[in-house]
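See structure below.
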Amino acid sequence: MVVELERYAPAQARQEAQNLAARAGLRLEDAALDLLVEALAGDVARIATEIEKLSLYAGDKPVGEGDIAQLVPDARAEIFSRW
């Protein structure tokens with residue numbers, strides 16, 4: 001049996017990432033949230049994993065683009081492609 005999951009549209013993936021972050025108590029700056037979703041190609045399973053890791057790392061402080069670039073695989077490549 002093969003199970004195929006539908007991909008989220010970018011806006012849906014962003015909304016889900018925002019919801020996951022709120023549930024984890026993670027404060028993500030808007031630009032960091034956008035970078036996270038873009039760097040992980042809207043893959044909500046990967047986003048959920050990274051949000052869990054980021055929440056452990058960040059504690060009470062907000063997470064910015066620099067944090068995403070350092071800690072999330074593929075984010076560094078995404079940052080450099082913007083320049």
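Ordering of the structure tokens sets the chain letters (A, B, ...); residue numbers start at 1 within each chain; ligands are numbered from 1 in the order shown.
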All helix (DSSP H, G or I) residues (DSSP, backbone) inside chain A, as number ranges by chain: A: 10-24, 30-39, 44-58, 65-71, 75-82
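Among the candidate residues A:Ala13, A:Leu56, A:Leu20, A:Met1, the one lying nearest to Asp34 in chain A is A:Ala13, with distances computed using only C-alpha atoms.
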Would you mind listing what lies within 9 Å of range 35-51 of chain A as a PDB file with N, CA, C and O atoms, in the first residue's frame, with only C-alpha atoms counted and same-chain residues fewer than 4 positions away left out?
```pdb
ATOM      1  N   ARG A   7       0.632  18.003  -0.822  1.00  0.00           N
ATOM      2  CA  ARG A   7       1.473  19.126  -0.410  1.00  0.00           C
ATOM      3  C   ARG A   7       0.578  20.307  -0.057  1.00  0.00           C
ATOM      4  O   ARG A   7      -0.454  20.519  -0.674  1.00  0.00           O
ATOM      5  N   TYR A   8       1.007  21.057   0.919  1.00  0.00           N
ATOM      6  CA  TYR A   8       0.299  22.283   1.273  1.00  0.00           C
ATOM      7  C   TYR A   8       0.682  23.375   0.285  1.00  0.00           C
ATOM      8  O   TYR A   8       1.823  23.429  -0.176  1.00  0.00           O
ATOM      9  N   ALA A   9      -0.262  24.246  -0.012  1.00  0.00           N
ATOM     10  CA  ALA A   9       0.061  25.456  -0.766  1.00  0.00           C
ATOM     11  C   ALA A   9       0.930  26.327   0.142  1.00  0.00           C
ATOM     12  O   ALA A   9       0.866  26.198   1.369  1.00  0.00           O
ATOM     13  N   PRO A  10       1.762  27.210  -0.414  1.00  0.00           N
ATOM     14  CA  PRO A  10       2.651  28.025   0.421  1.00  0.00           C
ATOM     15  C   PRO A  10       1.931  28.774   1.549  1.00  0.00           C
ATOM     16  O   PRO A  10       2.405  28.778   2.691  1.00  0.00           O
ATOM     17  N   ALA A  11       0.796  29.350   1.267  1.00  0.00           N
ATOM     18  CA  ALA A  11       0.058  30.089   2.303  1.00  0.00           C
ATOM     19  C   ALA A  11      -0.451  29.146   3.392  1.00  0.00           C
ATOM     20  O   ALA A  11      -0.436  29.485   4.580  1.00  0.00           O
ATOM     21  N   GLN A  12      -0.883  27.961   2.991  1.00  0.00           N
ATOM     22  CA  GLN A  12      -1.355  26.969   3.968  1.00  0.00           C
ATOM     23  C   GLN A  12      -0.201  26.468   4.832  1.00  0.00           C
ATOM     24  O   GLN A  12      -0.355  26.290   6.035  1.00  0.00           O
ATOM     25  N   ALA A  13       0.955  26.236   4.213  1.00  0.00           N
ATOM     26  CA  ALA A  13       2.121  25.772   4.957  1.00  0.00           C
ATOM     27  C   ALA A  13       2.563  26.833   5.959  1.00  0.00           C
ATOM     28  O   ALA A  13       2.909  26.523   7.102  1.00  0.00           O
ATOM     29  N   ARG A  14       2.513  28.100   5.551  1.00  0.00           N
ATOM     30  CA  ARG A  14       2.885  29.188   6.451  1.00  0.00           C
ATOM     31  C   ARG A  14       1.920  29.253   7.632  1.00  0.00           C
ATOM     32  O   ARG A  14       2.320  29.406   8.775  1.00  0.00           O
ATOM     33  N   GLU A  16       0.068  26.836   8.844  1.00  0.00           N
ATOM     34  CA  GLU A  16       0.291  25.667   9.697  1.00  0.00           C
ATOM     35  C   GLU A  16       1.558  25.842  10.533  1.00  0.00           C
ATOM     36  O   GLU A  16       1.582  25.495  11.713  1.00  0.00           O
ATOM     37  N   ALA A  17       2.602  26.395   9.927  1.00  0.00           N
ATOM     38  CA  ALA A  17       3.846  26.660  10.666  1.00  0.00           C
ATOM     39  C   ALA A  17       3.593  27.652  11.795  1.00  0.00           C
ATOM     40  O   ALA A  17       4.092  27.485  12.916  1.00  0.00           O
ATOM     41  N   LEU A  20       1.770  25.747  14.529  1.00  0.00           N
ATOM     42  CA  LEU A  20       2.692  24.863  15.238  1.00  0.00           C
ATOM     43  C   LEU A  20       3.609  25.646  16.177  1.00  0.00           C
ATOM     44  O   LEU A  20       3.868  25.223  17.302  1.00  0.00           O
ATOM     45  N   ALA A  21       4.092  26.780  15.712  1.00  0.00           N
ATOM     46  CA  ALA A  21       4.970  27.619  16.534  1.00  0.00           C
ATOM     47  C   ALA A  21       4.219  28.126  17.764  1.00  0.00           C
ATOM     48  O   ALA A  21       4.754  28.119  18.876  1.00  0.00           O
ATOM     49  N   ALA A  24       3.883  25.471  20.289  1.00  0.00           N
ATOM     50  CA  ALA A  24       5.165  25.165  20.922  1.00  0.00           C
ATOM     51  C   ALA A  24       5.656  26.311  21.802  1.00  0.00           C
ATOM     52  O   ALA A  24       6.676  26.182  22.463  1.00  0.00           O
ATOM     53  N   LEU A  26       6.767  29.087  20.617  1.00  0.00           N
ATOM     54  CA  LEU A  26       7.902  29.654  19.894  1.00  0.00           C
ATOM     55  C   LEU A  26       7.504  30.980  19.263  1.00  0.00           C
ATOM     56  O   LEU A  26       6.507  31.060  18.552  1.00  0.00           O
ATOM     57  N   ASP A  30       8.323  37.432  11.616  1.00  0.00           N
ATOM     58  CA  ASP A  30       7.649  37.131  10.345  1.00  0.00           C
ATOM     59  C   ASP A  30       8.631  36.684   9.264  1.00  0.00           C
ATOM     60  O   ASP A  30       8.375  35.715   8.547  1.00  0.00           O
ATOM     61  N   ALA A  31       9.754  37.389   9.152  1.00  0.00           N
ATOM     62  CA  ALA A  31      10.743  37.033   8.129  1.00  0.00           C
ATOM     63  C   ALA A  31      11.327  35.651   8.397  1.00  0.00           C
ATOM     64  O   ALA A  31      11.602  34.895   7.462  1.00  0.00           O
ATOM     65  N   SER A  55      12.205  25.564  19.303  1.00  0.00           N
ATOM     66  CA  SER A  55      11.607  25.931  20.589  1.00  0.00           C
ATOM     67  C   SER A  55      12.507  25.518  21.750  1.00  0.00           C
ATOM     68  O   SER A  55      12.594  26.222  22.759  1.00  0.00           O
ATOM     69  N   LEU A  56      13.195  24.404  21.616  1.00  0.00           N
ATOM     70  CA  LEU A  56      14.142  23.973  22.649  1.00  0.00           C
ATOM     71  C   LEU A  56      15.350  24.914  22.695  1.00  0.00           C
ATOM     72  O   LEU A  56      15.856  25.242  23.760  1.00  0.00           O
ATOM     73  N   GLU A  65      15.775  35.521  11.474  1.00  0.00           N
ATOM     74  CA  GLU A  65      16.315  34.889  10.267  1.00  0.00           C
ATOM     75  C   GLU A  65      17.700  34.298  10.503  1.00  0.00           C
ATOM     76  O   GLU A  65      18.022  33.246   9.973  1.00  0.00           O
ATOM     77  N   ILE A  68      17.433  30.936  12.065  1.00  0.00           N
ATOM     78  CA  ILE A  68      16.975  29.958  11.075  1.00  0.00           C
ATOM     79  C   ILE A  68      18.142  29.568  10.171  1.00  0.00           C
ATOM     80  O   ILE A  68      18.374  28.390   9.907  1.00  0.00           O
ATOM     81  N   ALA A  69      18.908  30.567   9.722  1.00  0.00           N
ATOM     82  CA  ALA A  69      20.040  30.305   8.828  1.00  0.00           C
ATOM     83  C   ALA A  69      21.074  29.400   9.486  1.00  0.00           C
ATOM     84  O   ALA A  69      21.665  28.543   8.827  1.00  0.00           O
ATOM     85  N   LEU A  71      20.513  27.220  12.114  1.00  0.00           N
ATOM     86  CA  LEU A  71      20.033  25.981  12.716  1.00  0.00           C
ATOM     87  C   LEU A  71      19.205  25.069  11.818  1.00  0.00           C
ATOM     88  O   LEU A  71      19.044  23.894  12.124  1.00  0.00           O
ATOM     89  N   VAL A  72      18.666  25.604  10.748  1.00  0.00           N
ATOM     90  CA  VAL A  72      17.760  24.803   9.901  1.00  0.00           C
ATOM     91  C   VAL A  72      18.495  24.377   8.632  1.00  0.00           C
ATOM     92  O   VAL A  72      19.009  25.216   7.907  1.00  0.00           O
ATOM     93  N   PRO A  73      18.552  23.067   8.384  1.00  0.00           N
ATOM     94  CA  PRO A  73      19.186  22.600   7.144  1.00  0.00           C
ATOM     95  C   PRO A  73      18.523  23.251   5.931  1.00  0.00           C
ATOM     96  O   PRO A  73      17.325  23.479   5.921  1.00  0.00           O
ATOM     97  N   ASP A  74      19.308  23.565   4.949  1.00  0.00           N
ATOM     98  CA  ASP A  74      18.852  24.180   3.690  1.00  0.00           C
ATOM     99  C   ASP A  74      18.579  25.670   3.803  1.00  0.00           C
ATOM    100  O   ASP A  74      18.435  26.342   2.794  1.00  0.00           O
ATOM    101  N   ALA A  75      18.488  26.221   4.997  1.00  0.00           N
ATOM    102  CA  ALA A  75      18.176  27.644   5.132  1.00  0.00           C
ATOM    103  C   ALA A  75      19.344  28.516   4.698  1.00  0.00           C
ATOM    104  O   ALA A  75      19.147  29.573   4.117  1.00  0.00           O
ATOM    105  N   ARG A  76      20.572  28.087   4.959  1.00  0.00           N
ATOM    106  CA  ARG A  76      21.738  28.874   4.548  1.00  0.00           C
ATOM    107  C   ARG A  76      21.738  29.056   3.040  1.00  0.00           C
ATOM    108  O   ARG A  76      21.973  30.144   2.529  1.00  0.00           O
ATOM    109  N   ALA A  77      21.452  28.007   2.307  1.00  0.00           N
ATOM    110  CA  ALA A  77      21.414  28.091   0.846  1.00  0.00           C
ATOM    111  C   ALA A  77      20.316  29.057   0.406  1.00  0.00           C
ATOM    112  O   ALA A  77      20.486  29.816  -0.537  1.00  0.00           O
ATOM    113  N   GLU A  78      19.198  29.041   1.106  1.00  0.00           N
ATOM    114  CA  GLU A  78      18.079  29.928   0.770  1.00  0.00           C
ATOM    115  C   GLU A  78      18.461  31.384   1.017  1.00  0.00           C
ATOM    116  O   GLU A  78      18.164  32.252   0.201  1.00  0.00           O
ATOM    117  N   ILE A  79      19.150  31.656   2.113  1.00  0.00           N
ATOM    118  CA  ILE A  79      19.574  33.034   2.441  1.00  0.00           C
ATOM    119  C   ILE A  79      20.510  33.545   1.354  1.00  0.00           C
ATOM    120  O   ILE A  79      20.357  34.641   0.851  1.00  0.00           O
TER     121      ILE A  79
END
```
Interatomic distance, CA of Glu29 in chain A to CA of Asp67 in chain A (Å, one decimal): 10.4 Å
